[in-house]
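Engineer: Structure: my_file-v6.cif, mmCIF, C-alpha atoms.
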```cif
data_data
#
loop_
_atom_site.label_atom_id
_atom_site.label_comp_id
_atom_site.auth_asym_id
_atom_site.auth_seq_id
_atom_site.Cartn_x
_atom_site.Cartn_y
_atom_site.Cartn_z
CA MET A 1033 87.08 68.62 130.05
CA GLY A 1034 89.91 69.50 127.70
CA ASP A 1035 89.95 71.50 124.49
CA ARG A 1036 86.88 73.41 123.30
CA VAL A 1037 84.98 72.65 120.09
CA LEU A 1038 82.27 74.82 118.56
CA ILE A 1039 79.53 72.79 116.84
CA VAL A 1040 77.62 74.80 114.23
CA ASP A 1041 74.54 72.94 112.99
CA ASP A 1042 70.79 73.66 112.97
CA ASP A 1043 69.81 70.00 113.40
CA PRO A 1044 69.28 69.35 117.15
CA ALA A 1045 69.69 65.58 116.72
CA ILE A 1046 73.07 65.97 114.99
CA CYS A 1047 74.19 68.49 117.62
CA LYS A 1048 73.24 66.09 120.41
CA LEU A 1049 75.22 63.28 118.78
CA LEU A 1050 78.25 65.49 118.17
CA VAL A 1051 78.25 66.70 121.77
CA LYS A 1052 78.38 63.06 122.92
CA VAL A 1053 81.19 62.28 120.47
CA MET A 1054 83.20 65.27 121.71
CA ALA A 1055 82.64 64.31 125.36
CA ALA A 1056 83.86 60.77 124.62
CA ASN A 1057 87.11 62.33 123.41
CA ASP A 1058 87.47 64.65 126.44
CA LEU A 1059 86.51 67.66 124.36
CA GLU A 1060 84.19 70.39 125.63
CA ALA A 1061 81.44 71.18 123.13
CA VAL A 1062 79.58 74.45 122.64
CA VAL A 1063 76.61 74.45 120.22
CA ALA A 1064 75.56 77.22 117.85
CA GLY A 1065 72.24 76.54 116.14
CA SER A 1066 72.84 79.02 113.32
CA GLY A 1067 75.61 80.71 111.40
CA GLU A 1068 74.70 84.04 112.94
CA GLN A 1069 74.99 82.65 116.47
CA ALA A 1070 78.33 81.05 115.56
CA MET A 1071 79.77 84.41 114.45
CA VAL A 1072 78.70 86.03 117.73
CA LEU A 1073 80.36 83.26 119.75
CA LEU A 1074 83.54 83.39 117.65
CA GLU A 1075 83.87 87.11 118.33
CA GLN A 1076 83.45 86.61 122.08
CA GLU A 1077 85.21 83.32 122.82
CA SER A 1078 88.09 81.16 121.59
CA PHE A 1079 87.84 77.55 120.44
CA ASP A 1080 90.32 74.86 119.48
CA ALA A 1081 88.24 73.56 116.56
CA ILE A 1082 84.97 74.21 114.74
CA LEU A 1083 82.60 71.58 113.34
CA LEU A 1084 80.62 73.36 110.65
CA ASP A 1085 77.53 72.31 108.71
CA ILE A 1086 76.89 73.88 105.31
CA ASN A 1087 73.12 73.78 104.83
CA MET A 1088 71.60 76.08 107.44
CA ASP A 1089 68.81 78.62 107.34
CA GLY A 1090 70.12 82.17 107.21
CA LEU A 1091 73.90 82.35 107.15
CA GLU A 1092 75.13 79.09 105.62
CA GLY A 1093 78.37 77.33 106.49
CA PHE A 1094 80.44 78.55 103.54
CA ASP A 1095 79.57 82.15 104.44
CA VAL A 1096 80.56 81.56 108.08
CA LEU A 1097 83.89 80.15 106.91
CA LYS A 1098 84.54 83.10 104.59
CA ARG A 1099 83.76 85.62 107.31
CA LEU A 1100 85.88 84.08 110.04
CA ARG A 1101 88.87 83.68 107.72
CA GLY A 1102 88.33 87.25 106.53
CA LYS A 1103 88.52 88.42 110.14
CA GLY A 1104 91.84 86.62 110.61
CA ILE A 1105 90.38 83.86 112.80
CA ASP A 1106 92.36 80.74 111.87
CA THR A 1107 90.74 78.24 114.25
CA PRO A 1108 90.79 74.84 112.47
CA VAL A 1109 87.49 74.06 110.77
CA MET A 1110 86.10 70.63 109.92
CA ILE A 1111 83.06 70.78 107.66
CA VAL A 1112 80.53 68.08 108.57
CA SER A 1113 77.91 68.06 105.84
CA GLY A 1114 75.35 65.92 104.08
CA ARG A 1115 76.56 67.34 100.75
CA SER A 1116 78.97 64.82 99.25
CA GLU A 1117 79.73 66.37 95.85
CA ASP A 1118 83.41 66.85 95.06
CA PHE A 1119 82.71 70.52 94.30
CA ASP A 1120 81.46 71.17 97.83
CA SER A 1121 84.49 69.52 99.38
CA LEU A 1122 86.96 71.35 97.13
CA TYR A 1123 85.17 74.66 97.59
CA GLY A 1124 85.16 74.31 101.38
CA LEU A 1125 88.86 73.48 101.45
CA SER A 1126 89.61 76.42 99.12
CA LEU A 1127 87.88 78.76 101.59
CA GLY A 1128 90.16 77.61 104.39
CA ALA A 1129 88.52 74.50 105.87
CA ASP A 1130 90.99 71.96 107.24
CA ASP A 1131 88.90 68.83 106.59
CA TYR A 1132 85.59 67.77 105.07
CA VAL A 1133 83.49 64.91 106.46
CA THR A 1134 80.19 63.77 104.97
CA LYS A 1135 77.07 62.67 106.84
CA PRO A 1136 76.30 60.06 107.94
CA PHE A 1137 79.63 59.76 109.73
CA ARG A 1138 81.07 57.14 112.03
CA PRO A 1139 81.21 58.68 115.52
CA LEU A 1140 84.44 56.94 116.55
CA VAL A 1141 86.22 58.00 113.38
CA LEU A 1142 84.92 61.57 113.57
CA GLY A 1143 86.01 61.90 117.21
CA ALA A 1144 89.50 60.66 116.35
CA LYS A 1145 89.69 63.08 113.39
CA VAL A 1146 88.76 66.07 115.54
CA ALA A 1147 91.26 65.15 118.25
CA ALA A 1148 93.98 64.68 115.60
CA LEU A 1149 93.11 68.02 113.98
CA ILE A 1150 93.48 69.85 117.28
CA ARG A 1151 96.70 68.00 118.05
CA ARG A 1152 98.22 68.87 114.66
CA THR A 1153 97.26 72.51 115.05
CA LYS A 1154 98.86 72.77 118.47
CA ASN A 1155 102.03 71.11 117.22
CA ARG A 1156 102.51 73.70 114.49
CA ALA A 1157 105.13 76.34 114.98
CA ALA A 1158 103.78 79.36 116.78
CA PRO A 1159 102.55 81.94 114.27
CA ALA A 1160 104.78 84.92 113.71
CA VAL A 1161 103.65 88.06 115.47
CA SER A 1162 102.99 90.91 113.05
CA SER A 1163 103.69 94.52 113.93
CA CYS A 1164 102.75 98.00 112.79
CA GLY A 1165 104.42 100.89 114.57
CA PRO A 1166 104.07 100.40 118.33
CA PHE A 1167 101.34 97.81 117.79
CA SER A 1168 101.72 94.06 117.38
CA TRP A 1169 99.25 91.22 117.05
CA ASP A 1170 98.96 87.46 116.88
CA SER A 1171 96.16 86.80 114.40
CA GLY A 1172 95.91 83.16 115.47
CA ALA A 1173 95.05 84.01 119.06
CA MET A 1174 93.60 87.45 118.12
CA ARG A 1175 95.71 89.13 120.81
CA PHE A 1176 96.81 92.74 120.36
CA PHE A 1177 99.55 94.72 122.07
CA LYS A 1178 100.72 98.31 122.26
CA GLY A 1179 104.34 98.05 123.24
CA GLU A 1180 104.45 95.46 126.01
CA GLU A 1181 100.87 96.06 127.13
CA GLU A 1182 98.10 93.75 125.92
CA LEU A 1183 94.97 95.56 124.78
CA ASN A 1184 91.69 94.35 126.28
CA LEU A 1185 89.39 94.46 123.26
CA SER A 1186 85.93 93.17 122.43
CA GLY A 1187 85.43 90.99 119.37
CA ARG A 1188 84.22 93.90 117.24
CA GLU A 1189 87.07 96.12 118.46
CA ARG A 1190 89.59 93.41 117.53
CA SER A 1191 88.16 93.19 114.01
CA LEU A 1192 88.26 96.97 113.63
CA LEU A 1193 91.84 97.29 114.89
CA LEU A 1194 92.97 94.39 112.70
CA LEU A 1195 91.50 96.16 109.67
CA PHE A 1196 93.45 99.32 110.51
CA LEU A 1197 96.71 97.52 111.31
CA ARG A 1198 96.65 95.61 108.04
CA HIS A 1199 96.08 98.80 106.05
CA PRO A 1200 98.04 101.62 107.71
CA ASN A 1201 97.56 105.14 106.31
CA GLN A 1202 94.62 104.04 104.15
CA VAL A 1203 91.46 106.11 104.39
CA PHE A 1204 88.40 104.02 105.25
CA THR A 1205 84.92 105.40 104.70
CA LYS A 1206 82.20 104.37 107.10
CA ASP A 1207 80.71 102.15 104.40
CA MET A 1208 84.05 100.39 103.96
CA ILE A 1209 84.33 99.84 107.72
CA TYR A 1210 80.77 98.54 107.82
CA GLU A 1211 81.39 96.04 105.01
CA SER A 1212 84.70 94.82 106.47
CA VAL A 1213 83.76 94.59 110.15
CA TRP A 1214 80.00 94.08 110.26
CA GLY A 1215 79.41 92.38 106.91
CA ASP A 1216 75.76 91.38 106.64
CA ALA A 1217 75.17 91.22 110.38
CA GLY A 1218 72.31 93.69 110.14
CA PRO A 1219 71.93 97.46 109.74
CA VAL A 1220 74.62 99.56 111.41
CA ASP A 1221 74.25 103.33 111.48
CA ASN A 1222 77.00 105.93 111.52
CA ASP A 1223 76.55 106.53 115.24
CA THR A 1224 77.33 102.88 115.98
CA ILE A 1225 80.58 103.05 114.00
CA MET A 1226 81.53 106.28 115.80
CA VAL A 1227 80.88 104.61 119.16
CA TYR A 1228 83.26 101.76 118.29
CA ILE A 1229 85.87 104.19 116.96
CA ASN A 1230 85.72 106.11 120.26
CA ARG A 1231 85.93 102.91 122.29
CA LEU A 1232 88.95 101.77 120.32
CA ARG A 1233 90.59 105.18 120.70
CA SER A 1234 90.16 104.98 124.46
CA LYS A 1235 92.23 101.77 124.43
CA VAL A 1236 94.95 102.55 121.87
CA GLU A 1237 95.45 106.31 122.25
CA THR A 1238 97.39 108.01 125.04
CA ASP A 1239 94.91 110.89 124.80
CA ARG A 1240 91.58 109.99 123.22
CA GLN A 1241 90.70 113.66 122.77
CA ASN A 1242 93.88 114.22 120.73
CA PRO A 1243 94.34 110.96 118.82
CA LYS A 1244 97.62 110.24 117.07
CA HIS A 1245 96.77 106.86 115.56
CA ILE A 1246 93.06 106.75 114.62
CA LEU A 1247 92.52 110.02 112.78
CA THR A 1248 89.28 111.46 111.45
CA VAL A 1249 89.44 112.48 107.79
CA ARG A 1250 86.69 115.04 107.52
CA GLY A 1251 84.08 114.25 104.92
CA LEU A 1252 85.58 110.82 104.24
CA GLY A 1253 86.09 108.58 107.26
CA TYR A 1254 89.11 107.42 109.24
CA ARG A 1255 92.80 106.77 108.71
CA PHE A 1256 95.13 104.74 110.92
CA VAL A 1257 98.63 106.11 111.45
CA PRO A 1258 101.15 103.75 113.15
#
```
Please express what this file holds, its structure, as structure tokens.
Structural biologist:
Amino acid sequence: MGDRVLIVDDDPAICKLLVKVMAANDLEAVVAGSGEQAMVLLEQESFDAILLDINMDGLEGFDVLKRLRGKGIDTPVMIVSGRSEDFDSLYGLSLGADDYVTKPFRPLVLGAKVAALIRRTKNRAAPAVSSCGPFSWDSGAMRFFKGEEELNLSGRERSLLLLFLRHPNQVFTKDMIYESVWGDAGPVDNDTIMVYINRLRSKVETDRQNPKHILTVRGLGYRFVP
């Protein structure tokens, strides 16, 4: 198999058809039956394209798209939806979708569109690497470095570090961190946030007990110093 495609749809019949279409185009397909499952997979794995339905129970497609773009994940997204109104198409594209295809679709055409989308994305110039102090990151590949060393981070740790790197010296309360990193993924208590802060410190600080980058602001939250 070649490139990897994430199919996000809660209709098993559509998923089965899309998997066959991807296989016919030498594309490896991974299926997420809900928006929530898709977000978990996107934080753990990388994909070359995403086929995203809109109407799903729970977290709908537009919300998935907003969240992944908000986290800096720029994997190309093709919305595949039964909603054919111009508003839906324009809204999806405004949120960062790369294409919008309505159901029912022609399998041969859809397969060719996905392959072309991946090809175009790979032919783009490599994204510029951003930096903040000794840290640098490629938001397209979600890879982070301290100096020359790549940091081995979990999906949640990447989102947390990206938040800090994009807003150096800003004080973030725990509520702000929760909203930016966890969103509506369920209740997260203060202890959970502290655990992730400590994990991130262990990977970015020379001495976790005496941090120089992720500082605690007593009574408020945390501040990142490059």
Engineer: With a distance cut-off of 10 Å and all atoms listed in the file, select the neighbouring residues of region 1221-1234 of chain A, excluding the residue or stretch itself and same-chain residues fewer than 5 positions from it, and output the selection as number ranges by chain.
Structural biologist: A: 1183-1186, 1188-1190, 1192-1193, 1206-1207, 1209-1210, 1213-1214, 1239-1248, 1253-1254
Engineer: Would you list the contacts of region 1098-1100 of chain A as an MDAnalysis selection string, taking every protein, DNA or RNA residue within 9 Å and counting only C-alpha atoms, but skipping same-chain residues closer than 5 positions in sequence?
Structural biologist: chainID A and resid 1071 1074 1093 1105:1107 1127:1128 1215
Engineer: Find the residues around Met1088 (chain A) up to 7 Å (all atoms listed in the file counted), leave out those fewer than 4 positions away in its own chain, and share them as a PDB file with C-alpha atoms, in the frame of the given file.
Structural biologist:
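And here is the file that came out, part20.pdb:
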```pdb
ATOM      1  CA  ASP A1042      70.790  73.660 112.970  1.00  0.00           C
ATOM      2  CA  SER A1066      72.840  79.020 113.320  1.00  0.00           C
ATOM      3  CA  GLU A1092      75.130  79.090 105.620  1.00  0.00           C
ATOM      4  CA  GLY A1093      78.370  77.330 106.490  1.00  0.00           C
TER       5      GLY A1093
END
```
Engineer: Taking only C-alpha atoms into account, which of A:Gly1067, A:Ser1212, A:Asp1035, A:His1199 comes nearest Thr1153 (chain A)?
Structural biologist: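 Using only C-alpha atoms, the shortest distance to Thr1153 (chain A) belongs to A:Asp1035.
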Engineer: When you count only C-alpha atoms, which of these residues is closest to Lys1103 (chain A): A:Phe1256, A:Tyr1132, A:Phe1196, A:Phe1204?
Structural biologist: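 Checking each candidate against Lys1103 (chain A), we get A:Phe1196 as the closest.
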